[in-house]
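J.: Take a look at query14.txt, compact mmCIF, C-alpha atoms:
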# COMPACT_ATOMS: atom_id res chain seq x y z
CA MET P 202 57.83 38.43 -3.96
CA LYS P 203 55.46 40.69 -5.81
CA ASN P 204 53.39 37.65 -6.83
CA LEU P 205 52.99 36.30 -3.28
CA PRO P 206 49.68 38.14 -2.53
CA VAL P 207 48.19 36.80 -5.74
CA PHE P 208 49.48 33.30 -4.91
CA PHE P 209 47.94 33.32 -1.43
CA THR P 210 44.65 34.68 -2.77
CA LEU P 211 44.44 31.84 -5.29
CA LEU P 212 45.40 29.34 -2.59
CA ASN P 213 42.66 30.63 -0.28
CA CYS P 214 40.07 30.42 -3.07
CA LEU P 215 41.12 26.88 -3.89
CA PHE P 216 40.98 25.87 -0.21
CA PHE P 217 37.51 27.45 0.18
CA ASN P 218 36.18 25.68 -2.93
CA VAL P 219 37.52 22.32 -1.73
CA ILE P 220 35.94 22.75 1.70
CA SER P 221 32.64 23.91 0.17
CA ALA P 222 32.54 20.88 -2.10
CA GLN P 223 32.81 18.64 0.99
CA VAL P 224 29.83 20.22 2.78
CA LYS P 225 26.45 18.68 2.02
CA LEU P 226 23.50 20.13 3.87
CA PRO P 227 20.38 18.03 4.33
CA PRO P 228 17.40 19.10 2.19
CA SER P 229 14.74 21.16 3.93
CA SER P 230 12.12 18.79 2.50
CA SER P 231 13.43 15.23 2.35
CA THR P 232 12.31 12.80 -0.35
CA GLN P 233 10.67 9.49 0.49
CA THR P 234 9.84 6.53 -1.73
CA ILE P 235 7.37 3.88 -0.54
CA LYS P 236 6.60 0.63 -2.31
CA GLN P 237 3.41 -1.20 -1.35
CA ASP P 238 2.52 -4.67 -2.64
CA PHE P 239 -1.04 -4.49 -3.91
CA GLY P 240 -3.28 -6.81 -5.90
CA ILE P 241 -0.99 -8.90 -8.07
CA GLY P 242 1.49 -6.05 -8.44
CA SER P 243 2.51 -2.99 -6.43
CA ILE P 244 2.20 0.77 -6.04
CA GLU P 245 5.26 2.97 -5.67
CA LEU P 246 4.99 6.51 -4.28
CA THR P 247 7.72 9.18 -4.36
CA TYR P 248 7.20 12.59 -2.73
CA SER P 249 8.97 15.32 -0.79
CA ARG P 250 8.13 15.97 2.86
CA PRO P 251 8.01 19.60 4.02
CA GLY P 252 7.73 20.33 7.72
CA THR P 253 5.37 22.69 9.51
CA ARG P 254 8.19 24.56 11.30
CA GLU P 255 5.72 26.65 13.32
CA ARG P 256 3.95 27.84 10.18
CA LEU P 257 0.24 27.81 9.42
CA VAL P 258 -0.03 25.23 6.67
CA PHE P 259 -3.50 24.96 5.15
CA GLY P 260 -5.01 28.22 4.05
CA ASP P 261 -1.60 29.92 4.15
CA LEU P 262 1.53 27.94 3.22
CA VAL P 263 -0.76 25.71 1.14
CA PRO P 264 -3.53 28.02 -0.10
CA TYR P 265 -7.10 26.81 -0.39
CA GLY P 266 -8.56 26.49 -3.86
CA LYS P 267 -5.23 26.29 -5.68
CA LEU P 268 -3.41 23.43 -7.38
CA TRP P 269 -0.80 21.86 -5.07
CA ARG P 270 2.05 19.51 -5.96
CA THR P 271 1.08 17.53 -2.84
CA GLY P 272 4.45 17.87 -1.18
CA ALA P 273 7.52 19.94 -1.99
CA ASN P 274 9.98 20.16 -4.88
CA GLU P 275 9.09 17.80 -7.75
CA ALA P 276 5.52 16.68 -8.34
CA THR P 277 4.46 13.62 -6.37
CA ARG P 278 4.68 10.45 -8.45
CA LEU P 279 2.67 7.24 -8.38
CA VAL P 280 3.83 4.14 -10.23
CA PHE P 281 1.16 1.47 -10.64
CA LYS P 282 2.44 -2.03 -11.41
CA THR P 283 -1.11 -3.31 -11.40
CA PRO P 284 -4.23 -1.74 -12.94
CA VAL P 285 -6.25 0.18 -10.34
CA GLU P 286 -9.43 2.18 -10.01
CA MET P 287 -9.62 5.63 -8.43
CA GLY P 288 -12.60 7.95 -8.35
CA GLY P 289 -14.62 5.54 -10.49
CA ARG P 290 -12.01 5.56 -13.27
CA LYS P 291 -9.84 2.62 -14.31
CA ILE P 292 -6.15 3.51 -14.45
CA ASP P 293 -3.72 1.30 -16.35
CA THR P 294 -0.22 0.37 -15.21
CA GLY P 295 2.29 3.19 -15.58
CA THR P 296 3.66 6.34 -13.96
CA TYR P 297 1.43 9.28 -13.03
CA VAL P 298 1.53 12.52 -11.06
CA LEU P 299 -0.66 13.20 -8.03
CA TYR P 300 -1.98 16.74 -7.65
CA THR P 301 -4.53 18.04 -5.18
CA ILE P 302 -6.62 21.16 -4.67
CA PRO P 303 -7.10 21.54 -0.91
CA GLU P 304 -10.21 23.16 0.56
CA GLU P 305 -11.17 23.43 4.21
CA GLU P 306 -13.74 20.61 4.17
CA THR P 307 -12.85 18.66 1.00
CA TRP P 308 -9.91 18.07 -1.31
CA GLU P 309 -9.97 17.51 -5.04
CA VAL P 310 -7.64 14.68 -6.05
CA ILE P 311 -6.12 14.72 -9.54
CA ILE P 312 -4.22 11.94 -11.30
CA ASN P 313 -2.29 13.46 -14.20
CA ARG P 314 0.06 12.29 -16.97
CA GLY P 315 2.57 15.16 -16.55
CA ILE P 316 5.47 13.08 -15.24
CA ASN P 317 8.06 15.58 -16.52
CA ASN P 318 6.53 18.51 -14.62
CA TRP P 319 8.51 20.27 -11.89
CA GLY P 320 5.93 20.79 -9.19
CA ILE P 321 2.94 22.40 -10.86
CA ASP P 322 5.06 23.96 -13.63
CA GLY P 323 3.95 22.44 -16.91
CA TYR P 324 0.63 21.20 -15.53
CA LYS P 325 -2.06 20.78 -18.18
CA GLU P 326 -5.65 19.99 -17.35
CA THR P 327 -5.89 18.09 -20.64
CA GLU P 328 -3.46 15.54 -19.17
CA ASP P 329 -5.75 14.74 -16.24
CA ILE P 330 -6.76 11.08 -16.00
CA VAL P 331 -9.35 11.56 -13.29
CA ARG P 332 -10.57 14.13 -10.76
CA PHE P 333 -12.59 13.32 -7.68
CA THR P 334 -13.32 14.78 -4.26
CA VAL P 335 -12.57 13.32 -0.83
CA PRO P 336 -13.51 14.68 2.61
CA VAL P 337 -11.10 16.19 5.12
CA ILE P 338 -10.87 14.48 8.52
CA LYS P 339 -9.83 16.74 11.38
CA VAL P 340 -7.84 15.06 14.15
CA ALA P 341 -6.46 16.09 17.53
CA ALA P 342 -2.90 14.87 17.00
CA LYS P 343 -0.62 17.14 14.99
CA THR P 344 1.61 15.78 12.22
CA GLU P 345 4.71 17.96 12.00
CA THR P 346 6.12 16.57 8.74
CA PHE P 347 3.91 16.02 5.72
CA THR P 348 3.30 12.28 5.59
CA MET P 349 1.82 9.97 2.99
CA GLN P 350 1.22 6.31 3.75
CA PHE P 351 -0.71 3.26 2.58
CA ALA P 352 -3.24 1.93 5.06
CA ASN P 353 -6.03 -0.63 5.41
CA ILE P 354 -4.37 -2.94 2.89
CA LYS P 355 -6.66 -5.66 1.56
CA PRO P 356 -6.33 -7.92 -1.50
CA GLU P 357 -8.45 -5.65 -3.69
CA SER P 358 -8.46 -2.32 -1.86
CA CYS P 359 -6.21 0.05 0.04
CA GLU P 360 -6.06 3.69 1.11
CA LEU P 361 -3.47 6.34 0.42
CA GLN P 362 -3.52 8.63 3.45
CA LEU P 363 -2.18 12.20 3.54
CA LEU P 364 -1.41 13.60 7.00
CA TRP P 365 -0.25 17.09 7.88
CA GLU P 366 -0.99 19.59 10.60
CA LYS P 367 -4.23 18.29 12.15
CA LYS P 368 -5.84 16.94 8.99
CA VAL P 369 -6.04 13.53 7.34
CA ILE P 370 -7.12 12.95 3.74
CA THR P 371 -7.89 9.40 2.63
CA ILE P 372 -7.75 8.43 -1.06
CA PRO P 373 -9.38 5.04 -1.84
CA ILE P 374 -7.68 2.75 -4.36
CA THR P 375 -9.15 -0.51 -5.63
CA THR P 376 -8.13 -3.25 -8.04
CA ASN P 377 -9.83 -6.27 -9.58
CA ILE P 378 -7.79 -9.44 -9.27
CA LYS P 379 -10.62 -11.98 -9.02
CA ASP P 380 -10.99 -12.52 -12.77
CA LYS P 381 -7.24 -12.89 -13.33
CA LEU P 382 -6.86 -15.29 -10.41
CA LYS P 383 -9.78 -17.40 -11.60
CA ALA P 384 -8.27 -17.66 -15.07
CA GLN P 385 -4.92 -18.68 -13.59
CA ILE P 386 -6.55 -21.30 -11.35
CA GLU P 387 -8.55 -22.78 -14.23
CA VAL P 388 -5.47 -23.06 -16.46
CA ALA P 389 -3.35 -24.53 -13.65
CA MET P 390 -6.03 -27.12 -12.93
CA LEU P 391 -5.43 -28.59 -16.39
CA SER P 392 -1.83 -29.46 -15.49
CA ASP P 393 -0.57 -32.62 -13.82
CA LYS P 394 0.30 -30.74 -10.61
CA LYS P 395 -3.03 -29.27 -9.61
CA PRO P 396 -2.96 -26.30 -7.18
CA TYR P 397 -5.63 -27.52 -4.79
CA TRP P 398 -4.36 -25.38 -1.90
CA GLN P 399 -4.35 -22.16 -3.93
CA ALA P 400 -7.74 -23.06 -5.43
CA ALA P 401 -9.22 -23.56 -1.96
CA GLN P 402 -8.02 -20.11 -0.93
CA PHE P 403 -9.36 -18.51 -4.10
CA TYR P 404 -12.83 -20.03 -3.85
CA PHE P 405 -13.09 -19.27 -0.12
CA GLU P 406 -11.71 -15.71 -0.05
CA TYR P 407 -12.43 -14.30 -3.50
CA ASP P 408 -15.11 -16.28 -5.34
CA ILE P 409 -17.03 -17.06 -2.12
CA ASN P 410 -17.86 -20.53 -3.42
CA LEU P 411 -17.73 -22.58 -0.21
CA THR P 412 -18.56 -25.88 -1.90
CA LYS P 413 -15.60 -25.60 -4.28
CA ALA P 414 -13.41 -24.31 -1.48
CA LEU P 415 -14.17 -27.40 0.63
CA GLU P 416 -13.72 -29.71 -2.35
CA ASN P 417 -10.25 -28.32 -3.04
CA ILE P 418 -9.09 -28.17 0.57
CA ASN P 419 -10.07 -31.83 0.98
CA LYS P 420 -7.85 -32.75 -1.97
CA ALA P 421 -5.08 -30.51 -0.66
CA THR P 422 -5.07 -32.23 2.76
CA GLU P 423 -5.07 -35.65 1.08
CA GLU P 424 -1.81 -34.69 -0.60
CA ASN P 425 -0.41 -32.96 2.51
CA SER P 426 -1.60 -34.96 5.51
CA LYS P 427 0.83 -33.21 7.89
CA ALA P 428 -0.08 -29.65 6.83
CA TYR P 429 -1.63 -28.31 10.06
CA TYR P 430 -2.30 -24.93 8.40
CA MET P 431 -4.44 -26.59 5.74
CA PHE P 432 -6.56 -28.41 8.33
CA LEU P 433 -7.15 -25.15 10.19
CA TYR P 434 -8.15 -23.55 6.89
CA LYS P 435 -10.54 -26.46 6.29
CA ALA P 436 -12.04 -25.89 9.74
CA ASN P 437 -12.72 -22.24 8.89
CA ILE P 438 -14.40 -23.21 5.62
CA GLN P 439 -16.60 -25.71 7.46
CA LYS P 440 -17.43 -23.12 10.07
CA ALA P 441 -18.50 -20.68 7.33
CA MET P 442 -20.74 -23.44 5.89
CA GLY P 443 -22.40 -23.91 9.28
CA ASN P 444 -20.80 -27.31 9.89
CA ASN P 445 -19.44 -26.61 13.37
CA ALA P 446 -19.05 -30.28 14.27
CA GLY P 447 -16.97 -30.94 11.17
CA ALA P 448 -14.96 -27.78 11.80
CA LEU P 449 -14.19 -28.95 15.34
CA GLU P 450 -12.86 -32.29 14.07
CA SER P 451 -10.66 -30.58 11.48
CA SER P 452 -9.35 -28.18 14.11
CA LYS P 453 -8.47 -31.09 16.41
CA ILE P 454 -6.36 -32.62 13.62
CA SER P 455 -4.68 -29.26 13.03
CA LEU P 456 -4.00 -28.81 16.74
CA ALA P 457 -2.35 -32.22 17.07
CA LEU P 458 -0.19 -31.64 13.99
CA ALA P 459 0.75 -28.15 15.17
CA LYS P 460 1.87 -29.55 18.54
CA ASP P 461 3.99 -32.18 16.78
CA SER P 462 5.56 -29.41 14.68
CA LYS P 463 5.99 -27.19 17.76
CA ASN P 464 4.16 -24.31 16.09
CA ASP P 465 2.78 -22.33 19.02
CA ASP P 466 0.93 -19.84 16.82
CA TYR P 467 -1.24 -22.53 15.25
CA VAL P 468 -1.72 -24.21 18.61
CA ARG P 469 -3.17 -20.96 19.97
CA MET P 470 -5.32 -20.34 16.87
CA ASN P 471 -6.83 -23.81 17.08
CA GLN P 472 -7.47 -23.53 20.79
CA HIS P 473 -9.25 -20.22 20.25
CA LEU P 474 -11.32 -21.61 17.36
CA GLN P 475 -12.31 -24.70 19.31
CA LYS P 476 -13.64 -22.57 22.17
CA GLU P 477 -15.87 -20.73 19.70
CA LEU P 478 -17.06 -23.95 18.05
CA LYS P 479 -17.87 -25.69 21.34
CA LYS P 480 -20.00 -22.72 22.38
CA ALA P 481 -21.88 -22.90 19.08
CA LEU P 482 -22.60 -26.66 19.32
Please express what this file holds, its structure, as structure tokens.
T.:
Amino acid sequence: MKNLPVFFTLLNCLFFNVISAQVKLPPSSSTQTIKQDFGIGSIELTYSRPGTRERLVFGDLVPYGKLWRTGANEATRLVFKTPVEMGGRKIDTGTYVLYTIPEEETWEVIINRGINNWGIDGYKETEDIVRFTVPVIKVAAKTETFTMQFANIKPESCELQLLWEKKVITIPITTNIKDKLKAQIEVAMLSDKKPYWQAAQFYFEYDINLTKALENINKATEENSKAYYMFLYKANIQKAMGNNAGALESSKISLALAKDSKNDDYVRMNQHLQKELKKAL
């Protein structure tokens, strides 16, 4: 009987520890990972997202003129699966850390090699890859939770946007895929199965060689006489060359094939294009 108080005390401690182990509170700053296809690879971003929670952010919670981890908790990471260019500097594939130094009108953007840093702890300026400045855009709408997103995605350019409070910071990112694509096209053209369709797209959209684009799309449609999307593409090449009459004929073929295939999207695109072409004739 003398040991009963000790027994119940140990039992209570055990019960409390078991209950505590079952309770998992959500983090105050959640982590987000975004993967964006870009160029002939991708960019992956991982960062923590603090909330405003009725606090003054810039100039207080995030001081001006001081290095910021650009989020909460661990340093923000960028993984490039394709070589890119930022701030006039070429950056090879690999994993990097994104730091910033906020000011009221501009931000300094820093790409750094310190992937083992916790926040700004361990930061070394000697590990900087590039530093450059971007302007601050003030907006009317308030962003409660710190947000990073990829926007204005194009084959060789995109923007990494940072939104918080009533400010937006845009970081331009570019890549060069034209040379690699051209090399791939030229090698593939030596094979028995020639990629006329891909070559037409390359010469029209990247190399801006309309003659070669038309040459390849003609060969592509010869091999794929029912490909309504190829005939519409041919019409757009002809339109860019100033051959509106030829473009109209190609669009008519595409429209008929699209109707046979019951593809309403291509029916509408051809109808819209034909209205433009008839006005121009």
J.: Can you tell me how far CA of Leu411 in chain P sits from CA of Gly443 in chain P, in Å to one decimal?
T.: 10.7 Å
J.: For Thr348 in chain P, which residue out of P:Ser392, P:Gln233, P:Asn464, P:Asn419 is the nearest one, using only C-alpha atoms?
T.: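 Between P:Ser392, P:Gln233, P:Asn464, P:Asn419, the residue approaching Thr348 in chain P most closely is P:Gln233.
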J.: Measuring atom to atom with all atoms listed in the file, identify which of P:Arg469, P:Leu246, P:Ile241, P:Ile330 is nearest to Gln362 in chain P.
T.: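 The closest residue to Gln362 in chain P is P:Leu246.
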J.: Hey, which of P:Glu328, P:Glu416, P:Glu305, P:Glu245 ends up closest to Pro264 in chain P? Count only C-alpha atoms.
T.: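 Ranked by minimum distance to Pro264 in chain P, first place goes to P:Glu305.
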J.: To one decimal place, how far is CA of Asp293 in chain P from CA of Lys355 in chain P in Å?
T.: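 Taking CA of Asp293 in chain P as the start and CA of Lys355 in chain P as the end point, the length is 19.4 Å.
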J.: Kindly indicate which residue among P:Tyr430, P:Tyr324, P:Trp365, P:Trp269 lies nearest to Phe347 in chain P, using all atoms listed in the file for the distances.
T.: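 Comparing P:Tyr430, P:Tyr324, P:Trp365, P:Trp269 against Phe347 in chain P, the winner is P:Trp365.
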J.: Restricting the calculation to all atoms listed in the file, which member of P:Glu304, P:Glu275, P:Glu357, P:Glu423 is positioned closest to Asn318 in chain P?
T.: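 That would be P:Glu275, the residue with the smallest distance to Asn318 in chain P.
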